[in-house]
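Encoded as structure tokens, the structure appears first; notes follow it.
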Amino acid sequence: MPELPEVESVVRAQRQWLVGRRFVDFVSHWPRNAAPSAAAVREALVGRMVADVWRRAKYIVVTLAEDEAARPGSSRRPEASAGSRSASNSGRRSAQQSAGYLLIHLRMSGRLEWFTLPKGDGATAAKWPAGSPAHVRAEFEFDNGGRLLFCDARKFGRIAWTRDLTSVTAHLGVEPLDDEFRPAMLRELLQSRSRALKPLLLDQSLVAGIGNIYADEALHRAGLHPLTPSDRVEPEAVKRLCSAIRAVLRDAIRRNGTSFDWVYPSGTMQDHLRVYGRTGAACRACGSAIVALRVGQRGTHICPRCQPLPRGRAAEGRALRSGSARV
DNA sequence: TGGTATGTTCCAAA
DNA sequence: TTTTGGAACATACC
């Protein structure tokens with residue numbers, strides 16, 4: 001269920017439960033998706049306290065507090081005492097004081113779910129009671145007995161521990177909700193290459209966090225066709241696109257994201273989408289039927305009236321080559 | 001049965 | 001060099 005707003009919603013929901021908690025165990029049921037290895041992640045986590053939970057692009061970032069007193073072998077603190085909020089602020093910025101970072105990427109179908117085993121029967125993931133969460137790929141166990149499950153039907157999700165956060169995030173582009181993301185910056189990104197707009201918006205190394213749903217939504221709000229060559233977008237349209245991106249992401253965060261099928265049930269943005277998944281329905285702006293096409297191998301939804309394809313050989317050539325000419 | 005799916009990464013081809 | 005397409009990852013749903 002992962003795009004920026006959904007990940008942000010998860011982060012906000014989990015932060016209050018996680019900050020100040022201490023890891024007592026980590027178990028992977030799909031070790032291939034743990035980096036550098038499931039054993040290394042376990043070694044890095046056990047005994048560590050969570051200093052902060054935040055987001056970079058579509059990554060959930062858990063900052064681990066550096067306090068040697070609490071490593072395995074020493075006594076466990078009974079309850080998380082102070083330090084949650086104050087620790088979080090420093091933990092986010094000063095890498096030197098952190099014991100590294102746990103990174104979780106949900107990819108296509110990952111989700112986090114709290115689960116408490118029935119007491120006393122020594123149940124394990126292998127023999128959980130009926131009604132337990134499905135597709136559990138990893139378990140994080142905490143000092144209060146809580147168990148955070150990483151569930152992921154498609155097994156695309158990733159769990160990683162790193163001491164050097166930038167080694168993982170260096171390739172990521174600007175956060176679209178950051179102050180620095182302004183029309184001038186977007187214009188430079190668009191002008192510096194000649195690509196169809198939608199694939200460009202999905203490129204995490206340029207703008208980080210936008211996925212298929214919100215790319216479609218932002219382009220519709222801006223009145224731009226997804227195949228528009230990036231270097232042919234007029235300054236006024238760049239402005240519209242910039243605010244459309246920010247507006248749709250903020251809007252979605254406010255509604256806790258978009259709920260899709262069985263994967264992510266908690267948001268309400270799906271009731272307010274203007275084009276994504278609305279093939280054949282009436283455009284909320286002009287009443288025309290929403291049309292589905294294929295752009296860069298991704299399902300794409302547009303209003304043909306609100307988002308006309310700009311005239312010109314470049315755009316038409318791209319449309320034909322990408323197979324989007326149908327429908 | 002086949003086509004689809006919110007993501008990322010790799011490779012080949014244009 | 002840049003951009004695009006395809007496949008791969010693995011599973012569930014319609």
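Simple scheme: letters A, B, ... for chains in structure tokens order, numbers from 1 for residues in each chain, numbers from 1 for ligands in the order shown.
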Review point. If you run DSSP on this backbone, which residues of range 156-256 of chain A come out as helix (DSSP H, G or I), and could you give them as an MDAnalysis selection string?
Key: chainID A and resid 165:169 183:191 197:202 212:222 230:232 235:254
Exercise for review: Return as a ChimeraX atom specification the residues belonging to chain C that are within 7 Å of chain A, counting only C-alpha atoms (C1' of nucleotides).
Suggested key: /C:9-11
Review point. Chain A residues within 9 Å of chain B, counting only C-alpha atoms (C1' of nucleotides): which ones, as a PyMOL selection string?
Key: chain A and resi 1-3+106-109+156-157+211-213+258+260
Writing out the chosen residues with all heavy atoms as a short mmCIF file (atom, residue, chain, number, x, y, z; two decimals), in the first residue's frame:
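Writing done, so here's again10.cif:
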data_model
loop_
_atom_site.label_atom_id
_atom_site.label_comp_id
_atom_site.auth_asym_id
_atom_site.auth_seq_id
_atom_site.Cartn_x
_atom_site.Cartn_y
_atom_site.Cartn_z
N MET A 1 0.80 -1.23 0.00
CA MET A 1 0.00 0.00 0.00
C MET A 1 0.82 1.26 0.00
O MET A 1 0.50 2.21 0.66
CB MET A 1 -0.89 -0.01 1.23
CG MET A 1 -0.17 -0.26 2.51
SD MET A 1 0.36 1.20 3.26
CE MET A 1 1.02 0.59 4.75
N PRO A 2 1.86 1.31 -0.69
CA PRO A 2 2.87 2.29 -0.38
C PRO A 2 2.93 3.45 -1.35
O PRO A 2 3.40 3.30 -2.45
CB PRO A 2 4.15 1.49 -0.55
CG PRO A 2 3.83 0.53 -1.66
CD PRO A 2 2.34 0.43 -1.71
N GLU A 3 2.54 4.59 -0.96
CA GLU A 3 3.00 5.82 -1.59
C GLU A 3 3.22 6.76 -0.43
O GLU A 3 2.90 6.41 0.70
CB GLU A 3 1.96 6.37 -2.59
CG GLU A 3 1.86 5.53 -3.86
CD GLU A 3 1.02 6.19 -4.95
OE1 GLU A 3 1.11 7.41 -5.11
OE2 GLU A 3 0.27 5.48 -5.62
N LEU A 106 7.60 -0.86 2.14
CA LEU A 106 6.43 -1.73 2.02
C LEU A 106 6.23 -2.24 0.60
O LEU A 106 5.46 -3.18 0.38
CB LEU A 106 5.18 -0.95 2.46
CG LEU A 106 5.25 -0.41 3.89
CD1 LEU A 106 4.11 0.57 4.16
CD2 LEU A 106 5.18 -1.56 4.90
N ARG A 107 6.90 -1.61 -0.35
CA ARG A 107 6.74 -1.97 -1.77
C ARG A 107 5.26 -2.10 -2.13
O ARG A 107 4.50 -1.21 -1.85
CB ARG A 107 7.49 -3.26 -2.08
CG ARG A 107 9.00 -3.12 -1.99
CD ARG A 107 9.58 -2.45 -3.23
NE ARG A 107 11.03 -2.32 -3.14
CZ ARG A 107 11.90 -3.16 -3.70
NH1 ARG A 107 11.46 -4.18 -4.39
NH2 ARG A 107 13.18 -2.96 -3.58
N MET A 108 4.86 -3.22 -2.71
CA MET A 108 3.50 -3.32 -3.24
C MET A 108 2.45 -3.67 -2.18
O MET A 108 1.32 -3.20 -2.24
CB MET A 108 3.45 -4.38 -4.35
CG MET A 108 4.16 -3.99 -5.60
SD MET A 108 3.25 -2.79 -6.56
CE MET A 108 2.23 -3.89 -7.55
N SER A 109 2.78 -4.54 -1.28
CA SER A 109 1.71 -5.08 -0.42
C SER A 109 2.09 -5.21 1.05
O SER A 109 1.42 -5.90 1.80
CB SER A 109 1.27 -6.46 -0.96
OG SER A 109 2.38 -7.35 -0.95
N PHE A 156 7.49 -8.49 -1.67
CA PHE A 156 8.37 -7.50 -2.30
C PHE A 156 8.98 -6.56 -1.27
O PHE A 156 9.96 -5.87 -1.55
CB PHE A 156 7.59 -6.65 -3.32
CG PHE A 156 7.22 -7.37 -4.57
CD1 PHE A 156 6.38 -6.79 -5.49
CD2 PHE A 156 7.72 -8.63 -4.84
CE1 PHE A 156 6.04 -7.44 -6.66
CE2 PHE A 156 7.39 -9.30 -6.00
CZ PHE A 156 6.55 -8.70 -6.92
N GLY A 157 8.37 -6.49 -0.12
CA GLY A 157 8.81 -5.53 0.90
C GLY A 157 10.23 -5.82 1.37
O GLY A 157 10.74 -6.93 1.21
N GLY A 211 3.75 7.90 -6.25
CA GLY A 211 3.53 6.61 -6.88
C GLY A 211 2.45 6.73 -7.94
O GLY A 211 2.05 7.83 -8.32
N ASN A 212 1.98 5.59 -8.40
CA ASN A 212 1.09 5.57 -9.55
C ASN A 212 -0.21 6.33 -9.33
O ASN A 212 -0.68 7.04 -10.20
CB ASN A 212 0.80 4.13 -9.94
CG ASN A 212 0.42 4.00 -11.40
OD1 ASN A 212 0.91 4.74 -12.25
ND2 ASN A 212 -0.50 3.09 -11.69
N ILE A 213 -0.78 6.17 -8.15
CA ILE A 213 -2.07 6.83 -7.88
C ILE A 213 -1.92 8.34 -7.91
O ILE A 213 -2.63 9.05 -8.62
CB ILE A 213 -2.62 6.39 -6.51
CG1 ILE A 213 -2.98 4.91 -6.54
CG2 ILE A 213 -3.83 7.23 -6.14
CD1 ILE A 213 -3.43 4.37 -5.19
N THR A 258 -4.95 6.24 0.73
CA THR A 258 -5.95 5.55 -0.09
C THR A 258 -5.99 4.09 0.31
O THR A 258 -4.96 3.43 0.37
CB THR A 258 -5.58 5.66 -1.58
OG1 THR A 258 -5.51 7.03 -1.96
CG2 THR A 258 -6.59 4.93 -2.44
N PHE A 260 -6.62 0.39 -0.62
CA PHE A 260 -6.81 -0.44 -1.80
C PHE A 260 -7.02 -1.88 -1.39
O PHE A 260 -6.29 -2.44 -0.59
CB PHE A 260 -5.65 -0.38 -2.79
CG PHE A 260 -4.53 0.51 -2.40
CD1 PHE A 260 -3.54 0.04 -1.56
CD2 PHE A 260 -4.45 1.81 -2.85
CE1 PHE A 260 -2.49 0.84 -1.20
CE2 PHE A 260 -3.39 2.62 -2.50
CZ PHE A 260 -2.41 2.13 -1.67
#
Exercise for review: Quick one: pick out all strand (DSSP E) residues within range 158-310 of chain A from a backbone DSSP run and write them as a list of chain:residue names.
Suggested key: A:Arg158, A:Ile159, A:Ala160, A:Trp161, A:Thr162, A:Val291, A:Ala292, A:Leu293, A:Arg294, A:Val295, A:Arg298, A:Gly299, A:Thr300, A:His301, A:Ile302
Generate a file of the selected residues that holds N, CA and C atoms, formatted as a short mmCIF file (atom, residue, chain, number, x, y, z; two decimals), in the first residue's frame.
data_model
loop_
_atom_site.label_atom_id
_atom_site.label_comp_id
_atom_site.auth_asym_id
_atom_site.auth_seq_id
_atom_site.Cartn_x
_atom_site.Cartn_y
_atom_site.Cartn_z
N ARG A 158 10.87 -4.78 1.92
CA ARG A 158 12.26 -4.92 2.35
C ARG A 158 12.44 -4.40 3.77
N ILE A 159 13.27 -5.10 4.51
CA ILE A 159 13.66 -4.66 5.85
C ILE A 159 15.17 -4.56 5.85
N ALA A 160 15.68 -3.44 6.29
CA ALA A 160 17.14 -3.28 6.27
C ALA A 160 17.61 -2.53 7.49
N TRP A 161 18.80 -2.87 7.94
CA TRP A 161 19.45 -2.09 8.98
C TRP A 161 20.71 -1.49 8.38
N THR A 162 20.93 -0.24 8.68
CA THR A 162 22.17 0.40 8.23
C THR A 162 22.62 1.41 9.26
N VAL A 291 -10.62 7.92 -18.97
CA VAL A 291 -10.07 6.95 -19.90
C VAL A 291 -8.83 6.30 -19.30
N ALA A 292 -8.68 4.98 -19.54
CA ALA A 292 -7.49 4.26 -19.06
C ALA A 292 -6.52 4.09 -20.21
N LEU A 293 -5.27 4.32 -19.94
CA LEU A 293 -4.24 4.01 -20.93
C LEU A 293 -3.02 3.47 -20.22
N ARG A 294 -2.00 3.19 -21.00
CA ARG A 294 -0.80 2.58 -20.46
C ARG A 294 0.37 3.50 -20.73
N VAL A 295 1.04 3.93 -19.69
CA VAL A 295 2.19 4.81 -19.87
C VAL A 295 3.35 4.24 -19.07
N ARG A 298 2.63 1.34 -16.81
CA ARG A 298 1.77 1.54 -15.66
C ARG A 298 0.38 1.92 -16.11
N GLY A 299 -0.61 1.36 -15.44
CA GLY A 299 -1.97 1.76 -15.69
C GLY A 299 -2.09 3.25 -15.40
N THR A 300 -2.75 3.96 -16.31
CA THR A 300 -2.80 5.42 -16.22
C THR A 300 -4.22 5.88 -16.52
N HIS A 301 -4.67 6.88 -15.79
CA HIS A 301 -6.05 7.34 -15.92
C HIS A 301 -6.07 8.84 -16.17
N ILE A 302 -6.80 9.23 -17.18
CA ILE A 302 -6.87 10.66 -17.50
C ILE A 302 -8.29 11.07 -17.88
#
Review point. Can you tell me how far CA of Leu112 in chain A sits from CA of Gly131 in chain A, in Å to one decimal?
Key: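 Separation between CA of Leu112 in chain A and CA of Gly131 in chain A: 16.1 Å.
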Point to revise | Contact residues around range 240-254 of chain A with only C-alpha atoms (C1' of nucleotides) at 9 Å, ignoring same-chain residues under 5 positions, as a VMD selection string | key: chain A and resid 4 to 6 8 to 9 176 to 177 181 to 183 186 to 187 210 214 to 215 217 to 224 235 267 to 270 272
File of the preceding selection, N, CA, C and O atoms, as a CSV table (one decimal), in the first residue's frame:
chain,number,residue,atom,x,y,z
A,4,LEU,N,3.7,7.9,-0.7
A,4,LEU,CA,4.1,8.8,0.4
A,4,LEU,C,3.0,9.0,1.4
A,4,LEU,O,3.2,8.9,2.6
A,5,PRO,N,1.7,9.3,1.0
A,5,PRO,CA,0.7,9.5,2.0
A,5,PRO,C,0.4,8.3,2.9
A,5,PRO,O,0.2,8.4,4.1
A,6,GLU,N,0.4,7.1,2.3
A,6,GLU,CA,0.2,5.9,3.1
A,6,GLU,C,1.3,5.6,4.0
A,6,GLU,O,1.1,5.3,5.2
A,8,GLU,N,3.4,7.8,5.2
A,8,GLU,CA,3.3,8.9,6.3
A,8,GLU,C,2.2,8.5,7.3
A,8,GLU,O,2.4,8.7,8.5
A,9,SER,N,1.1,8.0,6.8
A,9,SER,CA,0.0,7.6,7.8
A,9,SER,C,0.5,6.5,8.7
A,9,SER,O,0.2,6.5,9.9
A,176,PRO,N,8.6,16.1,-1.9
A,176,PRO,CA,7.7,17.1,-2.5
A,176,PRO,C,7.0,18.0,-1.5
A,176,PRO,O,6.4,19.0,-1.9
A,177,LEU,N,7.0,17.6,-0.3
A,177,LEU,CA,6.3,18.4,0.7
A,177,LEU,C,7.3,19.3,1.5
A,177,LEU,O,6.9,20.1,2.3
A,181,PHE,N,10.8,22.4,-2.4
A,181,PHE,CA,10.1,21.9,-3.6
A,181,PHE,C,9.2,23.1,-4.1
A,181,PHE,O,8.1,23.2,-3.6
A,182,ARG,N,9.7,23.9,-5.0
A,182,ARG,CA,9.0,25.0,-5.5
A,182,ARG,C,9.0,25.0,-7.0
A,182,ARG,O,9.8,24.2,-7.6
A,183,PRO,N,8.1,25.7,-7.6
A,183,PRO,CA,8.1,25.7,-9.1
A,183,PRO,C,9.4,25.8,-9.8
A,183,PRO,O,9.7,25.2,-10.8
A,186,LEU,N,11.1,22.5,-9.6
A,186,LEU,CA,10.4,21.5,-10.5
A,186,LEU,C,10.7,21.8,-12.0
A,186,LEU,O,11.0,20.9,-12.8
A,187,ARG,N,10.7,23.1,-12.3
A,187,ARG,CA,11.0,23.5,-13.7
A,187,ARG,C,12.4,23.1,-14.1
A,187,ARG,O,12.5,22.6,-15.2
A,210,ILE,N,6.2,10.0,-4.8
A,210,ILE,CA,5.0,9.9,-5.6
A,210,ILE,C,4.9,8.5,-6.2
A,210,ILE,O,5.9,7.9,-6.7
A,214,TYR,N,-1.0,8.8,-7.1
A,214,TYR,CA,-0.9,10.3,-7.0
A,214,TYR,C,-0.2,11.0,-8.2
A,214,TYR,O,-0.4,12.2,-8.4
A,215,ALA,N,0.5,10.2,-9.0
A,215,ALA,CA,1.0,10.8,-10.2
A,215,ALA,C,-0.2,11.1,-11.1
A,215,ALA,O,-0.3,12.2,-11.7
A,217,GLU,N,-3.3,11.5,-10.2
A,217,GLU,CA,-4.1,12.5,-9.6
A,217,GLU,C,-3.5,13.9,-9.7
A,217,GLU,O,-4.2,14.9,-10.0
A,218,ALA,N,-2.2,14.0,-9.5
A,218,ALA,CA,-1.6,15.3,-9.7
A,218,ALA,C,-1.7,15.9,-11.1
A,218,ALA,O,-1.9,17.0,-11.3
A,219,LEU,N,-1.4,15.0,-12.1
A,219,LEU,CA,-1.5,15.4,-13.4
A,219,LEU,C,-2.9,15.9,-13.8
A,219,LEU,O,-3.1,16.9,-14.6
A,220,HIS,N,-3.9,15.2,-13.3
A,220,HIS,CA,-5.3,15.6,-13.6
A,220,HIS,C,-5.5,17.0,-13.0
A,220,HIS,O,-6.1,17.9,-13.6
A,221,ARG,N,-5.1,17.2,-11.7
A,221,ARG,CA,-5.3,18.5,-11.1
A,221,ARG,C,-4.7,19.6,-11.8
A,221,ARG,O,-5.1,20.7,-11.8
A,222,ALA,N,-3.5,19.3,-12.4
A,222,ALA,CA,-2.7,20.3,-13.1
A,222,ALA,C,-3.2,20.4,-14.6
A,222,ALA,O,-2.7,21.3,-15.3
A,223,GLY,N,-4.1,19.6,-15.0
A,223,GLY,CA,-4.5,19.6,-16.4
A,223,GLY,C,-3.5,19.3,-17.4
A,223,GLY,O,-3.4,19.8,-18.5
A,224,LEU,N,-2.6,18.3,-17.0
A,224,LEU,CA,-1.5,17.9,-17.9
A,224,LEU,C,-1.6,16.5,-18.3
A,224,LEU,O,-1.9,15.6,-17.5
A,235,PRO,N,5.9,27.4,-18.1
A,235,PRO,CA,6.1,27.9,-16.7
A,235,PRO,C,4.8,27.9,-15.9
A,235,PRO,O,4.8,27.5,-14.7
A,267,GLY,N,-7.5,4.1,5.1
A,267,GLY,CA,-7.6,5.5,4.6
A,267,GLY,C,-9.0,5.7,3.9
A,267,GLY,O,-9.7,4.8,3.7
A,268,THR,N,-9.2,7.0,3.6
A,268,THR,CA,-10.5,7.3,2.9
A,268,THR,C,-10.3,8.0,1.6
A,268,THR,O,-11.2,8.5,1.0
A,269,MET,N,-9.0,8.2,1.2
A,269,MET,CA,-8.8,9.0,0.0
A,269,MET,C,-9.4,8.4,-1.3
A,269,MET,O,-9.6,9.1,-2.3
A,270,GLN,N,-9.6,7.1,-1.3
A,270,GLN,CA,-10.2,6.5,-2.4
A,270,GLN,C,-11.5,7.1,-2.8
A,270,GLN,O,-11.9,7.0,-4.0
A,272,HIS,N,-12.1,10.1,-2.8
A,272,HIS,CA,-11.9,11.5,-3.3
A,272,HIS,C,-11.0,11.5,-4.5
A,272,HIS,O,-10.6,12.6,-5.0
Check your understanding: To one decimal place, how far is CA of Glu113 in chain A from CA of Arg55 in chain A in Å?
Key ->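 These atoms are spaced 17.6 Å apart.
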Any idea what's packed within 8 Å of Ser288 in chain A, counting only C-alpha atoms (C1' of nucleotides), ignoring anything in its chain fewer than 2 positions away? Could you give it as a PDB file with N, CA, C and O atoms, in the first residue's frame?
ATOM      1  N   ALA A 281     -16.000   6.433 -15.514  1.00  0.00           N
ATOM      2  CA  ALA A 281     -16.794   7.331 -14.667  1.00  0.00           C
ATOM      3  C   ALA A 281     -16.654   8.768 -15.174  1.00  0.00           C
ATOM      4  O   ALA A 281     -15.760   9.082 -15.956  1.00  0.00           O
ATOM      5  N   ALA A 282     -17.531   9.633 -14.712  1.00  0.00           N
ATOM      6  CA  ALA A 282     -17.522  11.020 -15.176  1.00  0.00           C
ATOM      7  C   ALA A 282     -16.446  11.821 -14.458  1.00  0.00           C
ATOM      8  O   ALA A 282     -16.311  11.737 -13.242  1.00  0.00           O
ATOM      9  N   CYS A 283     -15.700  12.586 -15.227  1.00  0.00           N
ATOM     10  CA  CYS A 283     -14.720  13.500 -14.652  1.00  0.00           C
ATOM     11  C   CYS A 283     -15.444  14.466 -13.721  1.00  0.00           C
ATOM     12  O   CYS A 283     -16.456  15.051 -14.095  1.00  0.00           O
ATOM     13  N   CYS A 286     -15.349  18.056 -15.519  1.00  0.00           N
ATOM     14  CA  CYS A 286     -16.036  18.407 -16.769  1.00  0.00           C
ATOM     15  C   CYS A 286     -17.085  17.388 -17.206  1.00  0.00           C
ATOM     16  O   CYS A 286     -17.804  17.627 -18.171  1.00  0.00           O
ATOM     17  N   ILE A 290     -13.693   9.187 -17.853  1.00  0.00           N
ATOM     18  CA  ILE A 290     -12.281   8.935 -17.566  1.00  0.00           C
ATOM     19  C   ILE A 290     -11.805   7.770 -18.420  1.00  0.00           C
ATOM     20  O   ILE A 290     -12.501   6.769 -18.574  1.00  0.00           O
ATOM     21  N   CYS A 303      -8.538  12.345 -17.804  1.00  0.00           N
ATOM     22  CA  CYS A 303      -9.711  12.922 -18.445  1.00  0.00           C
ATOM     23  C   CYS A 303      -9.227  13.509 -19.765  1.00  0.00           C
ATOM     24  O   CYS A 303      -8.428  14.442 -19.768  1.00  0.00           O
ATOM     25  N   PRO A 304      -9.686  12.958 -20.881  1.00  0.00           N
ATOM     26  CA  PRO A 304      -9.164  13.401 -22.179  1.00  0.00           C
ATOM     27  C   PRO A 304      -9.474  14.876 -22.457  1.00  0.00           C
ATOM     28  O   PRO A 304      -8.789  15.508 -23.255  1.00  0.00           O
ATOM     29  N   ARG A 305     -10.477  15.402 -21.802  1.00  0.00           N
ATOM     30  CA  ARG A 305     -10.820  16.808 -22.047  1.00  0.00           C
ATOM     31  C   ARG A 305      -9.993  17.744 -21.160  1.00  0.00           C
ATOM     32  O   ARG A 305      -9.485  18.756 -21.628  1.00  0.00           O
TER      33      ARG A 305
END
Review point. So, counting only C-alpha atoms, which residue among A:Leu148, A:Ala57, A:Ala237, A:Val46 is closest to His171 in chain A?
Key: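 Once distances to His171 in chain A are computed over only C-alpha atoms, the minimum belongs to A:Ala57.
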